[in-house]
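This is run16.tsv (TSV, C-alpha atoms (C1' of nucleotides) and all ligand atoms).
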```
chain	number	residue	atom	x	y	z
N	1	MET	CA	0.00	0.00	0.00
N	2	LYS	CA	1.26	3.44	-0.91
N	3	LEU	CA	1.26	6.32	1.52
N	4	ASN	CA	-0.86	9.30	0.58
N	5	LEU	CA	1.54	12.10	1.44
N	6	GLU	CA	-0.83	15.00	0.85
N	7	GLU	CA	-3.40	13.43	3.11
N	8	ILE	CA	-0.81	12.77	5.78
N	9	THR	CA	0.67	16.26	5.58
N	10	LYS	CA	-2.77	17.71	6.04
N	11	GLU	CA	-3.46	15.59	9.12
N	12	LEU	CA	-0.16	16.67	10.61
N	13	LYS	CA	-0.57	20.33	9.80
N	14	ASN	CA	-3.66	20.50	11.99
N	15	LYS	CA	-1.40	19.90	14.96
N	16	ASN	CA	1.56	21.98	13.80
N	17	ILE	CA	3.54	18.85	13.11
N	18	ARG	CA	5.79	18.84	10.06
N	19	LEU	CA	6.26	15.79	7.89
N	20	SER	CA	10.02	15.87	8.21
N	21	HIS	CA	12.36	13.55	6.41
N	22	HIS	CA	12.79	11.28	9.42
N	23	ARG	CA	9.11	11.11	10.22
N	24	LEU	CA	8.42	10.08	6.68
N	25	LYS	CA	11.01	7.34	6.99
N	26	VAL	CA	9.36	6.06	10.15
N	27	LEU	CA	5.98	6.08	8.42
N	28	GLU	CA	7.43	4.26	5.43
N	29	PHE	CA	8.94	1.64	7.68
N	30	LEU	CA	5.63	1.03	9.42
N	31	ASN	CA	3.88	0.90	6.08
N	32	ASP	CA	6.34	-1.57	4.54
N	33	ASN	CA	6.79	-3.77	7.61
N	34	ARG	CA	3.44	-4.76	9.03
N	35	ILE	CA	4.97	-6.50	12.02
N	36	HIS	CA	3.85	-4.12	14.78
N	37	PRO	CA	7.48	-3.26	15.45
N	38	THR	CA	9.08	-2.00	18.64
N	39	VAL	CA	11.10	1.21	18.76
N	40	ASP	CA	14.28	-0.82	18.63
N	41	GLN	CA	13.25	-2.72	15.52
N	42	ILE	CA	12.49	0.55	13.76
N	43	TYR	CA	15.66	2.22	14.96
N	44	ILE	CA	18.04	-0.62	14.09
N	45	GLN	CA	16.68	-0.90	10.56
N	46	LEU	CA	16.47	2.81	9.74
N	47	HIS	CA	19.85	3.50	11.26
N	48	LYS	CA	21.40	1.42	8.47
N	49	GLU	CA	20.08	3.84	5.85
N	50	LEU	CA	20.38	6.95	7.99
N	51	PRO	CA	23.54	6.60	10.07
N	52	THR	CA	22.97	9.93	11.83
N	53	LEU	CA	19.51	8.94	13.05
N	54	SER	CA	19.20	9.00	16.82
N	55	LYS	CA	16.89	6.82	18.83
N	56	THR	CA	15.40	9.90	20.46
N	57	THR	CA	14.19	10.97	17.04
N	58	VAL	CA	12.46	7.65	16.55
N	59	TYR	CA	10.68	8.18	19.85
N	60	ASN	CA	9.83	11.79	18.96
N	61	SER	CA	8.59	10.82	15.52
N	62	LEU	CA	6.42	8.02	16.81
N	63	ASN	CA	4.93	10.22	19.52
N	64	ALA	CA	4.15	12.92	16.96
N	65	LEU	CA	2.54	10.41	14.61
N	66	VAL	CA	0.50	8.91	17.43
N	67	ASP	CA	-0.64	12.39	18.50
N	68	ALA	CA	-1.76	13.06	14.95
N	69	GLY	CA	-3.74	9.81	14.95
N	70	LEU	CA	-1.71	8.31	12.12
N	71	VAL	CA	-0.23	5.51	14.21
N	72	LYS	CA	-1.62	3.43	17.05
N	73	VAL	CA	0.20	2.21	20.16
N	74	LEU	CA	-0.13	-1.43	21.19
N	75	THR	CA	0.43	-2.38	24.84
N	76	ILE	CA	-0.18	-6.09	24.43
N	77	GLU	CA	2.95	-6.77	26.46
N	78	ASP	CA	3.96	-4.69	29.44
N	79	ASN	CA	7.64	-4.50	28.66
N	80	GLU	CA	7.58	-3.47	25.03
N	81	THR	CA	5.56	-0.79	23.29
N	82	ARG	CA	4.66	-1.59	19.70
N	83	TYR	CA	3.32	0.54	16.88
N	84	ASP	CA	0.71	-0.11	14.20
N	85	ILE	CA	0.08	1.96	11.08
N	86	VAL	CA	-3.34	0.34	10.72
N	87	THR	CA	-5.62	2.46	12.85
N	88	ASP	CA	-8.92	0.86	11.89
N	89	ASN	CA	-10.30	-1.18	14.72
N	90	HIS	CA	-9.04	-4.74	14.75
N	91	GLY	CA	-7.85	-7.28	17.28
N	92	HIS	CA	-4.32	-8.47	18.04
N	93	PHE	CA	-3.12	-11.95	18.86
N	94	LYS	CA	0.35	-12.56	20.23
N	95	CYS	CA	1.84	-16.03	19.92
N	96	GLU	CA	3.47	-16.97	23.21
N	97	SER	CA	5.82	-19.32	21.38
N	98	CYS	CA	7.22	-17.34	18.44
N	99	GLY	CA	6.29	-13.84	19.63
N	100	LYS	CA	4.63	-12.90	16.36
N	101	ILE	CA	1.65	-10.57	16.52
N	102	TYR	CA	-1.28	-11.34	14.24
N	103	ASP	CA	-4.13	-9.05	13.26
N	104	PHE	CA	-7.63	-10.40	13.30
N	105	GLU	CA	-10.86	-8.91	12.17
N	106	ILE	CA	-13.53	-8.50	14.77
N	107	ASN	CA	-16.63	-6.41	15.02
N	108	LEU	CA	-15.80	-4.32	18.02
N	109	SER	CA	-19.03	-2.38	18.09
N	110	SER	CA	-20.79	-5.67	18.79
N	111	PHE	CA	-18.91	-5.77	22.09
N	112	GLN	CA	-21.65	-4.08	24.06
N	113	SER	CA	-21.82	-4.44	27.78
N	114	LYS	CA	-24.72	-3.11	29.81
N	115	ASP	CA	-22.22	-2.11	32.46
N	116	LEU	CA	-20.91	0.55	30.05
N	117	ASP	CA	-24.18	2.09	28.94
N	118	ASP	CA	-23.35	5.44	30.55
N	119	PHE	CA	-19.70	5.48	29.56
N	120	LYS	CA	-18.20	7.36	26.60
N	121	ILE	CA	-15.91	4.87	24.87
N	122	ASN	CA	-13.08	6.43	22.84
N	123	ASN	CA	-10.88	3.44	22.30
N	124	ARG	CA	-11.23	-0.33	22.22
N	125	ASP	CA	-8.27	-2.69	22.39
N	126	ILE	CA	-8.57	-6.43	22.16
N	127	TYR	CA	-5.49	-8.48	22.97
N	128	PHE	CA	-5.47	-12.26	22.78
N	129	LYS	CA	-2.56	-14.54	23.56
N	130	GLY	CA	-1.90	-18.17	22.83
N	131	ILE	CA	-0.25	-20.35	20.19
N	132	CYS	CA	-0.33	-19.65	16.47
N	133	PRO	CA	-1.00	-22.35	13.85
N	134	ASP	CA	2.65	-22.44	12.76
N	135	CYS	CA	3.78	-23.17	16.30
N	136	ILE	CA	1.00	-25.69	16.95
N	137	GLN	CA	2.28	-27.80	14.06
N	138	GLN	CA	5.82	-28.11	15.46
V	139	MET	CA	-15.19	-11.56	50.13
V	140	LYS	CA	-13.07	-13.76	52.33
V	141	LEU	CA	-9.94	-15.46	51.10
V	142	ASN	CA	-9.97	-19.23	51.23
V	143	LEU	CA	-6.53	-19.90	52.64
V	144	GLU	CA	-6.55	-23.66	52.29
V	145	GLU	CA	-7.53	-23.38	48.67
V	146	ILE	CA	-4.85	-20.77	48.02
V	147	THR	CA	-2.15	-22.69	49.83
V	148	LYS	CA	-2.95	-25.74	47.76
V	149	GLU	CA	-2.69	-23.77	44.51
V	150	LEU	CA	0.66	-22.40	45.58
V	151	LYS	CA	2.01	-25.71	46.77
V	152	ASN	CA	1.73	-27.15	43.31
V	153	LYS	CA	4.43	-24.73	42.23
V	154	ASN	CA	6.57	-24.93	45.36
V	155	ILE	CA	5.47	-21.48	46.38
V	156	ARG	CA	4.88	-20.83	50.06
V	157	LEU	CA	2.08	-18.67	51.32
V	158	SER	CA	4.39	-16.49	53.38
V	159	HIS	CA	3.28	-13.71	55.64
V	160	HIS	CA	4.06	-11.03	53.08
V	161	ARG	CA	2.37	-12.81	50.22
V	162	LEU	CA	-0.73	-13.20	52.30
V	163	LYS	CA	-0.68	-9.47	53.00
V	164	VAL	CA	-0.42	-8.69	49.29
V	165	LEU	CA	-3.33	-11.02	48.59
V	166	GLU	CA	-5.37	-9.42	51.36
V	167	PHE	CA	-4.66	-5.97	49.97
V	168	LEU	CA	-5.82	-7.00	46.51
V	169	ASN	CA	-8.89	-8.64	47.98
V	170	ASP	CA	-9.87	-5.64	50.11
V	171	ASN	CA	-9.01	-2.94	47.54
V	172	ARG	CA	-10.59	-3.76	44.23
V	173	ILE	CA	-8.92	-0.86	42.46
V	174	HIS	CA	-6.50	-2.75	40.19
V	175	PRO	CA	-3.58	-1.22	42.06
V	176	THR	CA	-0.04	-0.60	40.87
V	177	VAL	CA	2.99	-1.96	42.69
V	178	ASP	CA	3.51	1.44	44.25
V	179	GLN	CA	0.00	1.66	45.61
V	180	ILE	CA	0.37	-1.76	47.21
V	181	TYR	CA	3.81	-1.00	48.59
V	182	ILE	CA	2.98	2.40	50.05
V	183	GLN	CA	-0.07	1.07	51.87
V	184	LEU	CA	1.45	-2.16	53.18
V	185	HIS	CA	4.65	-0.44	54.21
V	186	LYS	CA	2.65	1.47	56.83
V	187	GLU	CA	1.71	-1.78	58.57
V	188	LEU	CA	4.96	-3.60	57.80
V	189	PRO	CA	7.77	-1.08	58.05
V	190	THR	CA	10.41	-3.64	57.09
V	191	LEU	CA	8.65	-4.55	53.84
V	192	SER	CA	10.79	-3.94	50.78
V	193	LYS	CA	9.47	-3.09	47.37
V	194	THR	CA	11.38	-6.01	45.88
V	195	THR	CA	9.26	-8.30	48.04
V	196	VAL	CA	6.10	-6.77	46.65
V	197	TYR	CA	7.39	-7.48	43.14
V	198	ASN	CA	8.43	-11.01	44.11
V	199	SER	CA	5.13	-11.71	45.79
V	200	LEU	CA	3.08	-10.44	42.86
V	201	ASN	CA	5.16	-12.43	40.38
V	202	ALA	CA	4.71	-15.57	42.45
V	203	LEU	CA	0.97	-15.05	42.75
V	204	VAL	CA	0.68	-14.39	39.03
V	205	ASP	CA	2.68	-17.56	38.30
V	206	ALA	CA	0.30	-19.52	40.47
V	207	GLY	CA	-2.66	-18.08	38.56
V	208	LEU	CA	-4.11	-16.37	41.63
V	209	VAL	CA	-3.62	-12.86	40.30
V	210	LYS	CA	-3.87	-11.35	36.83
V	211	VAL	CA	-1.69	-8.66	35.27
V	212	LEU	CA	-3.32	-5.74	33.49
V	213	THR	CA	-1.36	-3.86	30.84
V	214	ILE	CA	-4.06	-1.37	29.96
V	215	GLU	CA	-1.48	1.41	30.13
V	216	ASP	CA	2.07	0.98	28.90
V	217	ASN	CA	3.77	2.75	31.76
V	218	GLU	CA	2.12	1.09	34.74
V	219	THR	CA	1.48	-2.54	35.45
V	220	ARG	CA	-1.63	-3.21	37.48
V	221	TYR	CA	-2.87	-6.29	39.30
V	222	ASP	CA	-6.30	-7.87	39.65
V	223	ILE	CA	-7.36	-10.55	42.10
V	224	VAL	CA	-10.41	-11.31	39.97
V	225	THR	CA	-9.19	-13.82	37.42
V	226	ASP	CA	-12.52	-14.64	35.78
V	227	ASN	CA	-12.77	-13.18	32.31
V	228	HIS	CA	-14.06	-9.63	32.31
V	229	GLY	CA	-13.31	-6.39	30.53
V	230	HIS	CA	-11.57	-3.27	31.83
V	231	PHE	CA	-12.40	0.34	31.15
V	232	LYS	CA	-9.98	3.12	32.06
V	233	CYS	CA	-11.34	6.63	32.42
V	234	GLU	CA	-8.99	9.04	30.67
V	235	SER	CA	-10.12	11.83	32.96
V	236	CYS	CA	-9.97	10.43	36.51
V	237	GLY	CA	-7.79	7.39	35.80
V	238	LYS	CA	-10.14	4.98	37.54
V	239	ILE	CA	-10.37	1.46	36.12
V	240	TYR	CA	-13.81	-0.12	35.96
V	241	ASP	CA	-14.68	-3.78	35.46
V	242	PHE	CA	-17.36	-4.73	33.02
V	243	GLU	CA	-19.00	-8.00	32.27
V	244	ILE	CA	-18.64	-9.32	28.75
V	245	ASN	CA	-19.04	-12.72	27.23
V	246	LEU	CA	-15.75	-13.12	25.44
V	247	SER	CA	-16.24	-16.63	24.17
V	248	SER	CA	-19.32	-15.61	22.22
V	249	PHE	CA	-17.22	-13.39	19.99
V	250	GLN	CA	-15.35	-15.52	17.54
V	251	SER	CA	-13.16	-14.32	14.72
V	252	LYS	CA	-12.77	-16.59	11.72
V	253	ASP	CA	-9.20	-15.36	11.43
V	254	LEU	CA	-8.40	-17.23	14.65
V	255	ASP	CA	-10.00	-20.57	13.86
V	256	ASP	CA	-6.65	-22.36	13.86
V	257	PHE	CA	-5.20	-20.52	16.85
V	258	LYS	CA	-5.09	-21.81	20.41
V	259	ILE	CA	-6.27	-18.92	22.56
V	260	ASN	CA	-5.05	-18.98	26.16
V	261	ASN	CA	-5.85	-15.47	27.24
V	262	ARG	CA	-8.21	-12.70	26.24
V	263	ASP	CA	-7.84	-9.11	27.36
V	264	ILE	CA	-10.29	-6.36	26.54
V	265	TYR	CA	-9.26	-2.81	27.32
V	266	PHE	CA	-11.53	0.13	26.65
V	267	LYS	CA	-10.74	3.76	27.31
V	268	GLY	CA	-12.91	6.85	27.47
V	269	ILE	CA	-14.82	8.90	30.01
V	270	CYS	CA	-16.70	7.48	32.95
V	271	PRO	CA	-20.19	8.65	33.96
V	272	ASP	CA	-18.89	10.57	36.99
V	273	CYS	CA	-16.54	12.57	34.79
V	274	ILE	CA	-19.13	13.12	32.05
V	275	GLN	CA	-21.37	14.87	34.57
V	276	GLN	CA	-18.76	17.48	35.56
A	277	DA	C1'	17.86	36.09	2.32
A	278	DA	C1'	15.83	36.77	7.00
A	279	DT	C1'	13.00	35.02	10.44
A	280	DA	C1'	10.65	32.12	13.57
A	281	DA	C1'	8.92	27.84	14.64
A	282	DG	C1'	9.65	23.20	14.68
A	283	DT	C1'	13.10	19.19	14.51
A	284	DT	C1'	17.20	16.50	15.48
A	285	DT	C1'	20.97	15.09	18.17
A	286	DG	C1'	23.66	13.48	22.12
A	287	DT	C1'	23.75	13.18	26.68
A	288	DA	C1'	21.87	13.00	31.12
A	289	DA	C1'	18.02	12.02	34.02
A	290	DT	C1'	14.15	9.33	35.41
A	291	DC	C1'	11.35	5.47	36.41
A	292	DA	C1'	10.00	0.66	36.60
A	293	DT	C1'	11.69	-3.70	37.05
A	294	DT	C1'	15.09	-7.34	37.76
A	295	DA	C1'	19.57	-9.48	39.48
A	296	DC	C1'	22.14	-10.80	43.12
A	297	DA	C1'	24.22	-12.04	47.50
A	298	DA	C1'	23.67	-12.30	52.40
A	299	DG	C1'	20.78	-13.03	56.12
A	300	DT	C1'	16.15	-14.91	57.68
A	301	DT	C1'	12.20	-17.93	57.90
A	302	DA	C1'	9.12	-21.90	57.11
A	303	DG	C1'	8.15	-26.67	56.63
A	304	DC	C1'	9.54	-31.26	57.10
A	305	DA	C1'	11.91	-35.12	59.19
A	306	DA	C1'	14.69	-37.22	62.74
J	307	DT	C1'	12.06	-30.31	69.87
J	308	DT	C1'	15.86	-29.76	66.97
J	309	DG	C1'	18.12	-29.40	62.79
J	310	DC	C1'	18.24	-29.22	57.89
J	311	DT	C1'	17.22	-27.45	53.53
J	312	DA	C1'	14.71	-24.96	50.39
J	313	DA	C1'	12.36	-20.97	49.94
J	314	DC	C1'	11.83	-16.05	51.17
J	315	DT	C1'	13.19	-11.26	52.22
J	316	DT	C1'	16.08	-7.44	52.11
J	317	DG	C1'	19.04	-3.70	50.33
J	318	DT	C1'	21.63	-2.38	46.83
J	319	DA	C1'	23.20	-2.42	42.27
J	320	DA	C1'	22.20	-3.16	37.50
J	321	DT	C1'	19.35	-2.95	33.53
J	322	DG	C1'	16.28	-1.16	30.09
J	323	DA	C1'	12.85	1.84	28.27
J	324	DT	C1'	11.53	6.37	27.92
J	325	DT	C1'	11.79	11.35	28.65
J	326	DA	C1'	14.14	15.97	29.49
J	327	DC	C1'	16.98	19.28	27.83
J	328	DA	C1'	20.02	22.49	25.42
J	329	DA	C1'	22.51	23.40	21.30
J	330	DA	C1'	22.68	22.92	16.47
J	331	DC	C1'	19.99	22.29	12.36
J	332	DT	C1'	15.98	22.39	9.09
J	333	DT	C1'	11.72	23.91	7.21
J	334	DA	C1'	8.15	26.98	5.88
J	335	DT	C1'	6.96	31.68	5.32
J	336	DT	C1'	7.82	36.53	4.44
D	401	MN	MN	-2.52	-4.47	13.79
D	402	MN	MN	-10.84	-6.36	37.04
D	403	ZN	ZN	3.89	-18.83	16.86
D	404	ZN	ZN	-13.64	9.33	35.37
```

Produce structure tokens that represent the structure in this file.
Ligand SMILES: [Mn+2]
Ligand SMILES: [Mn+2]
Ligand SMILES: [Zn+2]
Ligand SMILES: [Zn+2]
Amino acid sequence: MKLNLEEITKELKNKNIRLSHHRLKVLEFLNDNRIHPTVDQIYIQLHKELPTLSKTTVYNSLNALVDAGLVKVLTIEDNETRYDIVTDNHGHFKCESCGKIYDFEINLSSFQSKDLDDFKINNRDIYFKGICPDCIQQ
Amino acid sequence: MKLNLEEITKELKNKNIRLSHHRLKVLEFLNDNRIHPTVDQIYIQLHKELPTLSKTTVYNSLNALVDAGLVKVLTIEDNETRYDIVTDNHGHFKCESCGKIYDFEINLSSFQSKDLDDFKINNRDIYFKGICPDCIQQ
DNA sequence: AATAAGTTTGTAATCATTACAAGTTAGCAA
DNA sequence: TTGCTAACTTGTAATGATTACAAACTTATT
């Protein structure tokens, strides 16, 4: 999938965030590598192309992109923050054997609970864990 | 609700974990304060009664209780691990205004995703965020 | 080109969590 | 009851992720 730069620049402009060279690289990485990467995975890879890139910039860029709503944070594991360029609602499954994170489609609006009738829900995260088919076969 | 000590001791024994004085205190705190507390909240409170208690012991105790399946970890926020003595499946809602975490009932097994037909699911976490009724009224 | 606002960098600081070694306690068996 | 051993607790040090900050740099606008 190709990034729509005009669209993205517009989104960012609303929040006085510039689409700098490095931020674009981070976006490209997320777009080309749909693996819900950690900061380190992004940094190590991009640093090969951009030797002057600092890890702080990766953090700054990701925070700016999250603020602009272009990227979503995943806290499926408590010791590693991951990032997802797909912001449409979907569920995440982490394999406890190989560590891979899978997307799955799920109708989140069907998750109604009477207990929440009077609550304003802004965000829904669904995290499952278990064993993926590849690892079951071993 | 009263803790069933025999039951708990048996659970722990299976894993060679003793129900020591401090662990029992941590369990009691979780049982009496259904607020999904952080390590710090537990430590600060218990330290008043047990001045020699160290924070490491709170971590050790919680890890042991989680290993034994008596306590569940919540990673609803990436910068603070929380703990729940209620291990039955239920959802969690965090109010972005007051920070309070609410339980809600939800039938997780009734929501299947075809994408996960071949996956073995061990754990399901549902985290919602938004504004709670108390904060909406302000 | 001048300007101002936003960005990047490197380093230092912070915060949560774990590692470790030494001393203490609990549970079991003699 | 006593002693033994494994498990537990403690304090401190180490680790790892993330943020703070100031100086240098870049970008967009005039
Ligand atoms: Mn995803
Ligand atoms: Mn709960
Ligand atoms: Zn797997
Ligand atoms: Zn609230």

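For the pair CA of Lys252 in chain V and CA of Lys114 in chain N, the separation is 25.5 Å.
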
Practice prompt. Collect all residues with atoms no farther than 12 Å from ligand ZN 403 (chain D), counting all atoms listed in the file, and output them as a list in words.
Written response: Phe93, Lys94, Cys95, Glu96, Ser97, Cys98, Gly99, Lys100, Ile101, Tyr102, Lys129, Gly130, Ile131, Cys132, Pro133, Asp134, Cys135, Ile136, Gln137 and Gln138 of chain N; Asp256, Phe257, Lys258 and Ile259 of chain V

Same residues, C-alpha atoms, output as an mmCIF file, in the frame of the given file:
```cif
data_model
loop_
_atom_site.group_PDB
_atom_site.id
_atom_site.type_symbol
_atom_site.label_atom_id
_atom_site.label_comp_id
_atom_site.auth_asym_id
_atom_site.auth_seq_id
_atom_site.Cartn_x
_atom_site.Cartn_y
_atom_site.Cartn_z
ATOM 1 C CA PHE N 93 -3.120 -11.950 18.860
ATOM 2 C CA LYS N 94 0.350 -12.560 20.230
ATOM 3 C CA CYS N 95 1.840 -16.030 19.920
ATOM 4 C CA GLU N 96 3.470 -16.970 23.210
ATOM 5 C CA SER N 97 5.820 -19.320 21.380
ATOM 6 C CA CYS N 98 7.220 -17.340 18.440
ATOM 7 C CA GLY N 99 6.290 -13.840 19.630
ATOM 8 C CA LYS N 100 4.630 -12.900 16.360
ATOM 9 C CA ILE N 101 1.650 -10.570 16.520
ATOM 10 C CA TYR N 102 -1.280 -11.340 14.240
ATOM 11 C CA LYS N 129 -2.560 -14.540 23.560
ATOM 12 C CA GLY N 130 -1.900 -18.170 22.830
ATOM 13 C CA ILE N 131 -0.250 -20.350 20.190
ATOM 14 C CA CYS N 132 -0.330 -19.650 16.470
ATOM 15 C CA PRO N 133 -1.000 -22.350 13.850
ATOM 16 C CA ASP N 134 2.650 -22.440 12.760
ATOM 17 C CA CYS N 135 3.780 -23.170 16.300
ATOM 18 C CA ILE N 136 1.000 -25.690 16.950
ATOM 19 C CA GLN N 137 2.280 -27.800 14.060
ATOM 20 C CA GLN N 138 5.820 -28.110 15.460
ATOM 21 C CA ASP V 256 -6.650 -22.360 13.860
ATOM 22 C CA PHE V 257 -5.200 -20.520 16.850
ATOM 23 C CA LYS V 258 -5.090 -21.810 20.410
ATOM 24 C CA ILE V 259 -6.270 -18.920 22.560
#
```

Least-squares superposed chain N, target chain V, every Cα, as a compact mmCIF listing (two decimals) with C-alpha atoms, in the frame of the given file:
```txt
# COMPACT_ATOMS: atom_id res chain seq x y z
CA MET N 1 -15.19 -11.51 50.14
CA LYS N 2 -13.07 -13.71 52.35
CA LEU N 3 -9.96 -15.45 51.12
CA ASN N 4 -10.00 -19.22 51.23
CA LEU N 5 -6.54 -19.87 52.63
CA GLU N 6 -6.56 -23.64 52.30
CA GLU N 7 -7.53 -23.38 48.67
CA ILE N 8 -4.86 -20.78 48.03
CA THR N 9 -2.16 -22.74 49.84
CA LYS N 10 -2.97 -25.75 47.74
CA GLU N 11 -2.72 -23.79 44.49
CA LEU N 12 0.64 -22.42 45.57
CA LYS N 13 2.02 -25.73 46.76
CA ASN N 14 1.71 -27.14 43.25
CA LYS N 15 4.41 -24.72 42.20
CA ASN N 16 6.55 -24.93 45.33
CA ILE N 17 5.45 -21.47 46.36
CA ARG N 18 4.87 -20.85 50.05
CA LEU N 19 2.08 -18.66 51.33
CA SER N 20 4.41 -16.50 53.36
CA HIS N 21 3.31 -13.72 55.64
CA HIS N 22 4.06 -11.02 53.09
CA ARG N 23 2.39 -12.81 50.22
CA LEU N 24 -0.71 -13.18 52.30
CA LYS N 25 -0.65 -9.46 53.01
CA VAL N 26 -0.40 -8.70 49.31
CA LEU N 27 -3.32 -11.03 48.61
CA GLU N 28 -5.35 -9.42 51.38
CA PHE N 29 -4.65 -5.99 49.98
CA LEU N 30 -5.80 -7.02 46.52
CA ASN N 31 -8.86 -8.66 48.00
CA ASP N 32 -9.83 -5.64 50.12
CA ASN N 33 -8.99 -2.97 47.54
CA ARG N 34 -10.57 -3.79 44.22
CA ILE N 35 -8.92 -0.88 42.46
CA HIS N 36 -6.52 -2.79 40.19
CA PRO N 37 -3.60 -1.24 42.05
CA THR N 38 -0.07 -0.61 40.84
CA VAL N 39 2.97 -1.97 42.67
CA ASP N 40 3.50 1.43 44.24
CA GLN N 41 -0.03 1.65 45.59
CA ILE N 42 0.36 -1.76 47.20
CA TYR N 43 3.80 -1.00 48.56
CA ILE N 44 2.98 2.42 50.03
CA GLN N 45 -0.06 1.08 51.86
CA LEU N 46 1.45 -2.15 53.18
CA HIS N 47 4.65 -0.43 54.20
CA LYS N 48 2.64 1.48 56.82
CA GLU N 49 1.72 -1.76 58.57
CA LEU N 50 4.95 -3.57 57.79
CA PRO N 51 7.76 -1.03 58.02
CA THR N 52 10.41 -3.59 57.06
CA LEU N 53 8.65 -4.52 53.82
CA SER N 54 10.78 -3.91 50.75
CA LYS N 55 9.45 -3.07 47.34
CA THR N 56 11.36 -5.99 45.87
CA THR N 57 9.24 -8.29 48.01
CA VAL N 58 6.08 -6.76 46.61
CA TYR N 59 7.38 -7.47 43.12
CA ASN N 60 8.43 -11.01 44.09
CA SER N 61 5.12 -11.71 45.77
CA LEU N 62 3.08 -10.45 42.86
CA ASN N 63 5.14 -12.45 40.37
CA ALA N 64 4.71 -15.59 42.46
CA LEU N 65 0.96 -15.05 42.74
CA VAL N 66 0.66 -14.41 39.02
CA ASP N 67 2.66 -17.57 38.28
CA ALA N 68 0.29 -19.53 40.48
CA GLY N 69 -2.68 -18.09 38.57
CA LEU N 70 -4.10 -16.37 41.64
CA VAL N 71 -3.63 -12.85 40.30
CA LYS N 72 -3.88 -11.38 36.83
CA VAL N 73 -1.70 -8.68 35.26
CA LEU N 74 -3.34 -5.77 33.47
CA THR N 75 -1.38 -3.89 30.80
CA ILE N 76 -4.09 -1.40 29.93
CA GLU N 77 -1.52 1.37 30.10
CA ASP N 78 2.03 0.97 28.88
CA ASN N 79 3.72 2.75 31.73
CA GLU N 80 2.10 1.10 34.71
CA THR N 81 1.46 -2.56 35.42
CA ARG N 82 -1.66 -3.23 37.46
CA TYR N 83 -2.88 -6.31 39.29
CA ASP N 84 -6.32 -7.88 39.64
CA ILE N 85 -7.37 -10.56 42.11
CA VAL N 86 -10.42 -11.32 39.97
CA THR N 87 -9.19 -13.83 37.43
CA ASP N 88 -12.53 -14.67 35.83
CA ASN N 89 -12.76 -13.22 32.38
CA HIS N 90 -14.08 -9.68 32.33
CA GLY N 91 -13.35 -6.43 30.54
CA HIS N 92 -11.60 -3.30 31.82
CA PHE N 93 -12.43 0.31 31.14
CA LYS N 94 -10.02 3.08 32.04
CA CYS N 95 -11.37 6.61 32.41
CA GLU N 96 -9.02 9.01 30.66
CA SER N 97 -10.15 11.80 32.96
CA CYS N 98 -10.01 10.39 36.49
CA GLY N 99 -7.81 7.36 35.79
CA LYS N 100 -10.16 4.94 37.51
CA ILE N 101 -10.39 1.43 36.11
CA TYR N 102 -13.84 -0.14 35.93
CA ASP N 103 -14.70 -3.80 35.47
CA PHE N 104 -17.40 -4.72 33.04
CA GLU N 105 -19.03 -8.00 32.29
CA ILE N 106 -18.72 -9.27 28.78
CA ASN N 107 -19.11 -12.64 27.19
CA LEU N 108 -15.64 -13.16 25.84
CA SER N 109 -16.29 -16.52 24.28
CA SER N 110 -18.73 -14.77 21.95
CA PHE N 111 -15.76 -12.89 20.53
CA GLN N 112 -15.14 -15.36 17.74
CA SER N 113 -13.20 -14.35 14.70
CA LYS N 114 -12.84 -16.61 11.69
CA ASP N 115 -9.28 -15.38 11.38
CA LEU N 116 -8.47 -17.27 14.61
CA ASP N 117 -10.08 -20.60 13.83
CA ASP N 118 -6.73 -22.41 13.84
CA PHE N 119 -5.27 -20.57 16.80
CA LYS N 120 -5.14 -21.86 20.39
CA ILE N 121 -6.33 -18.96 22.55
CA ASN N 122 -5.08 -19.02 26.15
CA ASN N 123 -5.88 -15.52 27.23
CA ARG N 124 -8.29 -12.76 26.25
CA ASP N 125 -7.88 -9.17 27.38
CA ILE N 126 -10.33 -6.44 26.55
CA TYR N 127 -9.30 -2.88 27.33
CA PHE N 128 -11.57 0.08 26.65
CA LYS N 129 -10.78 3.72 27.30
CA GLY N 130 -12.93 6.80 27.45
CA ILE N 131 -14.84 8.88 29.99
CA CYS N 132 -16.72 7.46 32.95
CA PRO N 133 -20.22 8.63 33.97
CA ASP N 134 -18.89 10.55 36.98
CA CYS N 135 -16.55 12.55 34.78
CA ILE N 136 -19.15 13.10 32.05
CA GLN N 137 -21.38 14.86 34.58
CA GLN N 138 -18.74 17.44 35.56
```

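Nearest residue to ligand MN 402 (chain D) among V:Gln183, V:Asn169, V:Asn260, V:Gln250 is V:Asn169, counting all atoms listed in the file.
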
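In this model, the gap between CA of Val164 in chain V and CA of Asp216 in chain V comes to 22.7 Å.
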
Discussion item. Please find the residues contacting ligand MN 402 (chain D) at a distance of at most 8 Å between atoms, with only C-alpha atoms (C1' of nucleotides) and all ligand atoms counted, and report them as a ChimeraX atom specification.
Written reply: /V:172-174,222-225,228-230,239-242

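The neighbours of DA292 in chain A here are the residues that come within 12 Å of it, using only C-alpha atoms (C1' of nucleotides) and leaving out any residue fewer than 2 positions away in the same chain; they are N:Asp78, N:Asn79, V:Thr176, V:Val177, V:Asp178, V:Lys193, V:Thr194, V:Tyr197, V:Asp216, V:Asn217, V:Glu218, V:Thr219, A:DT290, A:DT294, J:DT321, J:DG322, J:DA323, J:DT324.
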
Discussion item. I want to know what sits within 10 Å of Lys25 in chain N, based on only C-alpha atoms (C1' of nucleotides), with residues of the same chain fewer than 5 positions away left out; could you give that as number ranges by chain?
Written reply: N: 19-20, 30-31, 42, 46, 49-50, 58, 61

Practice prompt. Could you list the residues in chain V lying within 9 Å of chain J, using all atoms listed in the file, and format the result as a VMD selection string?
Written response: chain V and resid 154 to 156 158 190 to 192 194 to 195
